[in-house]
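K.L.:
What follows is my_file.txt, compact mmCIF, C-alpha atoms.
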```
# COMPACT_ATOMS: atom_id res chain seq x y z
CA MET E 1 78.62 -61.08 -58.46
CA SER E 2 82.17 -61.90 -57.55
CA SER E 3 80.98 -64.52 -55.09
CA LEU E 4 79.23 -66.33 -57.92
CA LYS E 5 82.36 -66.21 -59.99
CA THR E 6 84.40 -68.06 -57.43
CA GLN E 7 81.95 -70.93 -57.33
CA GLN E 8 83.14 -72.39 -60.59
CA PRO E 9 86.21 -72.98 -62.66
CA ALA E 10 87.10 -70.53 -65.41
CA GLY E 11 86.76 -73.20 -68.10
CA GLU E 12 83.08 -73.58 -67.37
CA CYS E 13 82.53 -69.85 -67.92
CA ARG E 14 84.23 -69.90 -71.27
CA ILE E 15 82.12 -72.78 -72.51
CA LEU E 16 78.96 -70.97 -71.49
CA TYR E 17 80.03 -67.63 -72.91
CA ASN E 18 80.78 -69.26 -76.21
CA GLY E 19 77.08 -69.94 -76.19
CA ARG E 20 77.13 -73.70 -76.34
CA VAL E 21 74.56 -74.03 -73.60
CA SER E 22 72.39 -76.53 -75.45
CA LYS E 23 75.32 -78.81 -76.03
CA ASP E 24 76.21 -78.49 -72.38
CA ARG E 25 72.62 -79.26 -71.51
CA LYS E 26 72.72 -82.58 -73.28
CA GLY E 27 75.86 -83.50 -71.41
CA LYS E 28 75.60 -85.12 -68.05
CA GLY E 29 75.77 -83.86 -64.54
CA SER E 30 76.94 -80.26 -64.85
CA SER E 31 73.51 -78.79 -64.15
CA THR E 32 73.85 -77.93 -60.48
CA GLU E 33 77.22 -76.31 -60.95
CA ALA E 34 76.34 -74.39 -64.09
CA ALA E 35 72.95 -73.11 -62.88
CA PRO E 36 73.92 -69.71 -61.40
CA LYS E 37 76.21 -68.94 -64.32
CA THR E 38 73.62 -69.92 -66.91
CA HIS E 39 71.01 -67.94 -65.00
CA ARG E 40 73.19 -64.85 -65.22
CA MET E 41 73.96 -65.41 -68.87
CA VAL E 42 70.28 -65.81 -69.72
CA LYS E 43 69.68 -62.52 -67.93
CA THR E 44 72.42 -60.76 -69.90
CA LYS E 45 71.18 -62.15 -73.21
CA THR E 46 67.61 -61.21 -72.35
CA LEU E 47 68.56 -57.67 -71.31
CA LEU E 48 70.44 -57.25 -74.60
CA THR E 49 67.45 -58.33 -76.69
CA ILE E 50 65.10 -56.20 -74.58
CA LEU E 51 67.36 -53.23 -75.23
CA VAL E 52 66.91 -53.82 -78.98
CA MET E 53 63.14 -54.22 -78.46
CA VAL E 54 62.61 -51.04 -76.44
CA VAL E 55 64.67 -48.96 -78.87
CA CYS E 56 63.47 -50.41 -82.19
CA GLY E 57 59.77 -50.65 -81.24
CA PRO E 58 59.12 -46.96 -80.46
CA LEU E 59 61.63 -45.85 -83.12
CA GLY E 60 59.77 -47.88 -85.75
CA ASN E 61 56.46 -46.32 -84.72
CA VAL E 62 57.91 -42.81 -84.81
CA LEU E 63 59.43 -43.42 -88.26
CA LEU E 64 56.17 -44.87 -89.61
CA GLY E 65 54.23 -41.94 -88.15
CA ARG E 66 56.61 -39.45 -89.74
CA GLY E 67 56.51 -41.30 -93.05
CA MET E 68 52.71 -41.37 -93.15
CA LYS E 69 52.59 -37.64 -92.43
CA GLN E 70 54.80 -37.11 -95.48
CA VAL E 71 52.49 -39.30 -97.56
CA GLY E 72 49.40 -37.44 -96.39
CA ALA E 73 45.82 -38.66 -96.02
CA ILE E 74 45.11 -41.77 -98.06
CA GLN E 75 42.22 -41.63 -100.53
CA PHE E 76 40.53 -44.96 -101.08
CA TRP E 77 38.41 -43.97 -104.04
CA PRO E 78 38.85 -43.81 -107.01
CA LEU E 79 41.26 -46.70 -107.18
CA THR E 80 43.84 -44.66 -109.10
CA HIS E 81 44.16 -42.42 -106.02
CA LEU E 82 44.58 -45.43 -103.76
CA PHE E 83 47.22 -46.76 -106.11
CA SER E 84 49.17 -43.50 -106.14
CA SER E 85 48.93 -43.34 -102.32
CA ALA E 86 50.38 -46.85 -102.12
CA VAL E 87 53.20 -45.90 -104.49
CA ARG E 88 53.96 -42.79 -102.43
CA THR E 89 53.87 -44.84 -99.20
CA PHE E 90 56.32 -47.45 -100.42
CA THR E 91 58.71 -44.96 -101.98
CA THR E 92 59.07 -43.05 -98.70
CA VAL E 93 62.39 -43.70 -96.99
CA SER E 94 60.99 -43.23 -93.47
CA ILE E 95 58.41 -45.95 -94.07
CA TRP E 96 61.06 -48.50 -94.99
CA MET E 97 63.23 -47.48 -92.05
CA GLY E 98 60.18 -47.88 -89.80
CA ILE E 99 59.38 -51.32 -91.23
CA GLY E 100 63.00 -52.41 -90.79
CA SER E 101 63.00 -51.16 -87.24
CA LEU E 102 59.80 -53.03 -86.41
CA ILE E 103 61.17 -56.22 -87.98
CA ALA E 104 64.25 -55.88 -85.78
CA PHE E 105 61.89 -55.43 -82.83
CA PHE E 106 59.98 -58.60 -83.62
CA VAL E 107 63.13 -60.66 -84.20
CA ALA E 108 64.47 -59.52 -80.81
CA TYR E 109 61.09 -60.34 -79.26
CA MET E 110 61.15 -63.87 -80.71
CA LEU E 111 64.73 -64.39 -79.55
CA ALA E 112 63.99 -63.18 -76.01
CA LEU E 113 60.97 -65.45 -75.73
CA SER E 114 62.96 -68.41 -77.02
CA TRP E 115 64.93 -68.53 -73.79
CA ALA E 116 63.16 -66.33 -71.23
CA ASP E 117 59.78 -66.35 -69.47
CA TYR E 118 56.93 -64.44 -71.08
CA SER E 119 56.04 -63.08 -67.63
CA TRP E 120 59.59 -61.63 -67.43
CA VAL E 121 59.91 -60.30 -71.00
CA GLN E 122 56.49 -58.61 -71.07
CA PRO E 123 56.95 -56.26 -68.08
CA ALA E 124 60.57 -55.60 -69.03
CA SER E 125 59.58 -54.56 -72.54
CA SER E 126 57.33 -51.87 -71.07
CA LEU E 127 60.51 -49.78 -70.76
CA ALA E 128 59.54 -48.89 -74.33
CA TYR E 129 57.15 -46.31 -72.83
CA GLY E 130 60.14 -44.55 -71.32
CA VAL E 131 62.11 -44.70 -74.57
CA ALA E 132 59.10 -43.40 -76.50
CA ALA E 133 58.88 -40.43 -74.12
CA LEU E 134 62.60 -39.74 -74.45
CA LEU E 135 62.40 -39.99 -78.27
CA GLY E 136 59.46 -37.62 -78.29
CA TYR E 137 61.19 -35.22 -75.92
CA PHE E 138 64.61 -35.11 -77.61
CA LEU E 139 63.89 -35.86 -81.28
CA LEU E 140 60.46 -34.38 -81.81
CA GLY E 141 60.57 -31.67 -79.13
CA GLU E 142 57.33 -32.85 -77.54
CA ARG E 143 56.28 -31.73 -74.09
CA VAL E 144 56.16 -34.64 -71.61
CA SER E 145 53.75 -34.06 -68.73
CA PRO E 146 54.83 -34.65 -65.09
CA LEU E 147 52.19 -37.39 -64.78
CA ARG E 148 53.85 -39.20 -67.67
CA TRP E 149 57.31 -38.93 -66.12
CA LEU E 150 55.83 -40.28 -62.89
CA GLY E 151 54.33 -43.22 -64.79
CA ILE E 152 57.70 -43.91 -66.42
CA ALA E 153 59.38 -43.86 -63.01
CA VAL E 154 56.82 -46.37 -61.67
CA ILE E 155 57.37 -48.60 -64.75
CA CYS E 156 61.13 -48.50 -64.22
CA LEU E 157 60.63 -49.46 -60.58
CA GLY E 158 58.37 -52.34 -61.62
CA VAL E 159 60.87 -53.54 -64.23
CA PHE E 160 63.63 -53.32 -61.64
CA VAL E 161 61.61 -55.56 -59.30
CA VAL E 162 60.78 -58.06 -62.08
CA GLY E 163 64.39 -57.92 -63.25
CA HIS E 164 65.55 -59.32 -59.94
CA THR E 165 63.61 -62.53 -60.45
CA ASN E 166 64.99 -65.44 -62.45
CA PRO E 167 64.27 -64.73 -66.15
CA SER E 168 63.80 -68.38 -67.02
CA THR E 169 61.85 -70.59 -64.61
CA THR E 170 60.63 -73.24 -67.05
CA ASP E 171 64.01 -74.54 -68.16
CA PRO E 172 65.04 -77.36 -65.81
CA GLU E 173 68.66 -76.30 -66.22
CA THR E 174 68.28 -72.69 -65.16
CA ALA E 175 65.22 -72.86 -62.90
CA GLU E 176 66.02 -72.43 -59.25
CA SER E 177 62.57 -73.34 -58.04
CA GLY E 178 59.46 -74.83 -59.65
CA MET K 1 33.14 -57.01 -75.52
CA LEU K 2 35.82 -54.96 -77.28
CA PHE K 3 37.80 -54.76 -74.06
CA SER K 4 37.78 -58.49 -73.50
CA ILE K 5 39.02 -58.93 -77.09
CA ILE K 6 41.83 -56.45 -76.45
CA VAL K 7 42.96 -58.12 -73.25
CA VAL K 8 42.27 -61.78 -74.03
CA ALA K 9 43.31 -61.84 -77.72
CA GLY K 10 46.35 -59.66 -77.09
CA THR K 11 47.60 -61.76 -74.22
CA ALA K 12 46.69 -65.06 -75.87
CA GLY K 13 48.52 -63.95 -79.00
CA GLU K 14 51.69 -63.14 -77.10
CA LEU K 15 51.41 -66.40 -75.17
CA CYS K 16 51.13 -68.27 -78.49
CA VAL K 17 54.27 -66.55 -79.81
CA SER K 18 55.99 -67.37 -76.54
CA ARG K 19 54.91 -71.00 -76.78
CA ALA K 20 56.19 -71.23 -80.36
CA MET K 21 59.58 -69.82 -79.37
CA LYS K 22 59.81 -72.07 -76.31
CA HIS K 23 59.17 -74.99 -78.63
CA VAL K 24 61.94 -73.86 -80.97
CA GLY K 25 64.32 -73.59 -78.04
CA GLY K 26 66.76 -70.92 -77.03
CA ALA K 27 69.07 -69.30 -79.54
CA THR K 28 72.57 -70.26 -78.54
CA GLY K 29 74.23 -66.97 -79.42
CA PHE K 30 74.01 -63.72 -81.34
CA HIS K 31 75.69 -64.89 -84.53
CA PRO K 32 73.49 -63.80 -87.48
CA ALA K 33 73.25 -67.38 -88.73
CA GLN K 34 72.00 -68.57 -85.34
CA ILE K 35 69.49 -65.73 -85.10
CA PHE K 36 68.26 -66.48 -88.62
CA ARG K 37 67.93 -70.18 -87.79
CA VAL K 38 65.84 -69.53 -84.66
CA VAL K 39 63.62 -66.97 -86.40
CA TRP K 40 63.11 -69.25 -89.41
CA LYS K 41 62.20 -72.19 -87.17
CA GLY K 42 59.82 -69.90 -85.30
CA LEU K 43 58.14 -68.83 -88.53
CA LEU K 44 57.46 -72.48 -89.32
CA GLN K 45 55.53 -72.90 -86.05
CA PRO K 46 51.73 -72.77 -86.38
CA TRP K 47 51.58 -71.30 -82.86
CA LEU K 48 53.49 -68.24 -84.06
CA TRP K 49 50.97 -67.48 -86.80
CA ALA K 50 48.07 -68.09 -84.42
CA GLY K 51 49.75 -65.62 -82.08
CA ILE K 52 50.30 -62.98 -84.76
CA SER K 53 46.66 -63.28 -85.91
CA LEU K 54 45.39 -62.84 -82.35
CA MET K 55 47.70 -59.86 -81.80
CA ALA K 56 46.39 -58.27 -85.03
CA LEU K 57 42.81 -58.88 -83.86
CA ALA K 58 43.59 -57.22 -80.52
CA PHE K 59 45.17 -54.27 -82.34
CA PHE K 60 42.05 -53.66 -84.43
CA ALA K 61 39.87 -54.05 -81.34
CA LEU K 62 42.03 -51.40 -79.66
CA LEU K 63 41.57 -49.04 -82.61
CA GLY K 64 37.83 -49.70 -82.45
CA ALA K 65 37.71 -49.05 -78.71
CA LEU K 66 39.68 -45.82 -79.08
CA SER K 67 37.23 -44.59 -81.69
CA LEU K 68 34.28 -45.27 -79.35
CA TYR K 69 35.51 -44.38 -75.86
CA ASN K 70 37.79 -41.89 -74.13
CA VAL K 71 41.45 -42.76 -73.93
CA SER K 72 41.35 -42.38 -70.14
CA PHE K 73 38.79 -45.17 -70.05
CA VAL K 74 40.51 -47.50 -72.53
CA VAL K 75 44.00 -47.23 -71.09
CA PRO K 76 43.58 -48.84 -67.67
CA VAL K 77 42.10 -51.78 -69.56
CA THR K 78 45.20 -52.21 -71.73
CA ALA K 79 47.37 -52.07 -68.60
CA LEU K 80 45.35 -55.04 -67.40
CA THR K 81 47.09 -57.11 -70.11
CA TYR K 82 50.23 -57.12 -67.96
CA ILE K 83 48.38 -58.78 -65.10
CA VAL K 84 46.50 -61.21 -67.35
CA GLY K 85 49.82 -61.90 -69.11
CA ALA K 86 51.56 -62.90 -65.90
CA LEU K 87 48.58 -65.08 -65.01
CA GLY K 88 48.65 -66.69 -68.47
CA GLY K 89 52.40 -67.25 -68.24
CA ALA K 90 51.95 -68.99 -64.90
CA ILE K 91 49.01 -71.14 -66.02
CA PHE K 92 49.68 -71.97 -69.69
CA LEU K 93 53.46 -71.79 -69.87
CA ARG K 94 53.99 -73.08 -66.31
CA GLU K 95 56.26 -70.18 -65.49
CA HIS K 96 57.07 -69.66 -61.85
CA VAL K 97 55.65 -66.23 -61.02
CA ASP K 98 56.69 -65.44 -57.47
CA PHE K 99 55.71 -62.60 -55.16
CA TRP K 100 58.36 -60.22 -56.49
CA ARG K 101 57.40 -60.76 -60.09
CA TRP K 102 53.74 -60.12 -59.24
CA LEU K 103 54.71 -56.94 -57.45
CA GLY K 104 56.79 -55.77 -60.43
CA VAL K 105 54.03 -56.59 -62.92
CA LEU K 106 51.56 -54.65 -60.76
CA LEU K 107 53.88 -51.64 -60.65
CA VAL K 108 54.34 -51.77 -64.43
CA ALA K 109 50.56 -51.87 -64.93
CA VAL K 110 50.13 -48.81 -62.69
CA GLY K 111 52.99 -47.04 -64.48
CA VAL K 112 51.58 -47.75 -67.95
CA THR K 113 48.23 -46.34 -66.83
CA LEU K 114 49.89 -43.15 -65.59
CA VAL K 115 51.98 -42.78 -68.77
CA ILE K 116 49.05 -42.92 -71.12
CA LEU K 117 46.85 -40.79 -68.87
CA GLY K 118 49.65 -38.23 -68.86
CA LYS K 119 49.62 -38.09 -72.64
CA GLY K 120 46.54 -35.90 -72.88
```
Could you rewrite the structure in this file as structure tokens?
P.N.:
Amino acid sequence: MSSLKTQQPAGECRILYNGRVSKDRKGKGSSTEAAPKTHRMVKTKTLLTILVMVVCGPLGNVLLGRGMKQVGAIQFWPLTHLFSSAVRTFTTVSIWMGIGSLIAFFVAYMLALSWADYSWVQPASSLAYGVAALLGYFLLGERVSPLRWLGIAVICLGVFVVGHTNPSTTDPETAESG
Amino acid sequence: MLFSIIVVAGTAGELCVSRAMKHVGGATGFHPAQIFRVVWKGLLQPWLWAGISLMALAFFALLGALSLYNVSFVVPVTALTYIVGALGGAIFLREHVDFWRWLGVLLVAVGVTLVILGKG
């Protein structure tokens, strides 16, 4: 990390951390010098959005699940019952918190994909399985089987391996190869 | 049939969303206005809506499959989406998927299988 830092002047870092990468991109010539720094910044940004994704995704599902349990089984017929079910659904606080959480998830997903590879974001977002298990274990008091913990460990290992590759290989500015 | 819908439509949907967001271009920061601008531009992309429709289709196919078959049979299939996804990223989005990324994706697929098998 520190070796990368010494490769470029401090001014360059500040420009990139202010987030004016696209402006920098249009400018001439700085690409070879800025590449490692931009690469690292893309990784930081992507990790941040993936953090939002893996927390908000499972949380949204848990909240929706809890909300629907409060609402109870939905009756489709007669229509008055369906209507009252709908009213109960959309007046439940948990439902709205779940919807908000899932919207936050999708916004983070869109943002991550706007600058990072799909083949990087997709495996990394599978950390959500681990978060879901932790949420279930700590919030809902669920029992998590050893096989499930093993699976989570394997996922984390896989994400660790993927995480060490360049998150953005299609952008000519940040791509190291290909 | 259901399984191919789950894997193909799910992956294709996510690839479409990815393509839409690539087209929009990277958000330049985390300022709410910038986030809103990128999301709004994304929502105007036809690819995004194609992607969301395909993902919804895959979701209903998954529900259908779960109602017909055992979870232990359905799950390894959904883990396959990680492998198909990496393949799709490499072919359709021209992403550079090297040996390490393949290895990681493979590990994630194995891990996801174990997690959902361990649920029962």
K.L.:
Show me which bits of chain K are within 8 Å of chain E, counting only C-alpha atoms, as a tab-separated table (two decimals) with C-alpha atoms, in the frame of the given file.
P.N.:
```tsv
chain	number	residue	atom	x	y	z
K	15	LEU	CA	51.41	-66.40	-75.17
K	17	VAL	CA	54.27	-66.55	-79.81
K	18	SER	CA	55.99	-67.37	-76.54
K	21	MET	CA	59.58	-69.82	-79.37
K	22	LYS	CA	59.81	-72.07	-76.31
K	23	HIS	CA	59.17	-74.99	-78.63
K	24	VAL	CA	61.94	-73.86	-80.97
K	25	GLY	CA	64.32	-73.59	-78.04
K	26	GLY	CA	66.76	-70.92	-77.03
K	27	ALA	CA	69.07	-69.30	-79.54
K	28	THR	CA	72.57	-70.26	-78.54
K	29	GLY	CA	74.23	-66.97	-79.42
K	35	ILE	CA	69.49	-65.73	-85.10
K	38	VAL	CA	65.84	-69.53	-84.66
K	39	VAL	CA	63.62	-66.97	-86.40
K	42	GLY	CA	59.82	-69.90	-85.30
K	82	TYR	CA	50.23	-57.12	-67.96
K	85	GLY	CA	49.82	-61.90	-69.11
K	86	ALA	CA	51.56	-62.90	-65.90
K	89	GLY	CA	52.40	-67.25	-68.24
K	90	ALA	CA	51.95	-68.99	-64.90
K	93	LEU	CA	53.46	-71.79	-69.87
K	94	ARG	CA	53.99	-73.08	-66.31
K	95	GLU	CA	56.26	-70.18	-65.49
K	96	HIS	CA	57.07	-69.66	-61.85
K	97	VAL	CA	55.65	-66.23	-61.02
K	100	TRP	CA	58.36	-60.22	-56.49
K	101	ARG	CA	57.40	-60.76	-60.09
K	102	TRP	CA	53.74	-60.12	-59.24
K	103	LEU	CA	54.71	-56.94	-57.45
K	104	GLY	CA	56.79	-55.77	-60.43
K	105	VAL	CA	54.03	-56.59	-62.92
K	106	LEU	CA	51.56	-54.65	-60.76
K	107	LEU	CA	53.88	-51.64	-60.65
K	108	VAL	CA	54.34	-51.77	-64.43
K	109	ALA	CA	50.56	-51.87	-64.93
K	110	VAL	CA	50.13	-48.81	-62.69
K	111	GLY	CA	52.99	-47.04	-64.48
K	112	VAL	CA	51.58	-47.75	-67.95
K	113	THR	CA	48.23	-46.34	-66.83
K	114	LEU	CA	49.89	-43.15	-65.59
K	115	VAL	CA	51.98	-42.78	-68.77
K	116	ILE	CA	49.05	-42.92	-71.12
K	117	LEU	CA	46.85	-40.79	-68.87
K	118	GLY	CA	49.65	-38.23	-68.86
K	119	LYS	CA	49.62	-38.09	-72.64
```
K.L.:
With distances taken over only C-alpha atoms, which of K:Phe59, K:Ala20, K:Val7, K:Leu66 is nearest to K:Trp40?
P.N.:
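Using only C-alpha atoms, K:Trp40 sits closest to K:Ala20.
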K.L.:
Skip E:Ser94 itself and residues of its chain fewer than 4 positions away, then list as a PyMOL selection string all residues within 8 Å of it, counting all atoms listed in the file.
P.N.:
chain E and resi 63-64+66-67+98
K.L.:
Could the residues in this selection be written to a file with C-alpha atoms, as a PDB file, in the frame of the given file?
P.N.:
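The file below, again-v3.pdb, is the result:
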```
ATOM      1  CA  LEU E  63      59.430 -43.420 -88.260  1.00  0.00           C
ATOM      2  CA  LEU E  64      56.170 -44.870 -89.610  1.00  0.00           C
ATOM      3  CA  ARG E  66      56.610 -39.450 -89.740  1.00  0.00           C
ATOM      4  CA  GLY E  67      56.510 -41.300 -93.050  1.00  0.00           C
ATOM      5  CA  GLY E  98      60.180 -47.880 -89.800  1.00  0.00           C
TER       6      GLY E  98
END
```
K.L.:
May I ask for the distance between atom CA of E:Lys69 and atom CA of K:Val77, given in Å to one decimal place?
P.N.:
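Taking atom CA of E:Lys69 and atom CA of K:Val77, their separation equals 28.9 Å.
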K.L.:
Atom CA of E:Gly57 and atom CA of E:Thr89 are how many Å apart?
P.N.:
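One can read the atom CA of E:Gly57 to atom CA of E:Thr89 distance as 19.8 Å.
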K.L.:
May I ask for the distance between atom CA of K:Phe30 and atom CA of E:Val52, given in Å to one decimal place?
P.N.:
12.4 Å
K.L.:
Taking all atoms listed in the file into account, name the residue in K:Ile5, K:Cys16, K:Pro46, K:Leu57 that is nearest to K:Thr78.
P.N.:
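Comparing K:Ile5, K:Cys16, K:Pro46, K:Leu57 against K:Thr78, the winner is K:Ile5.
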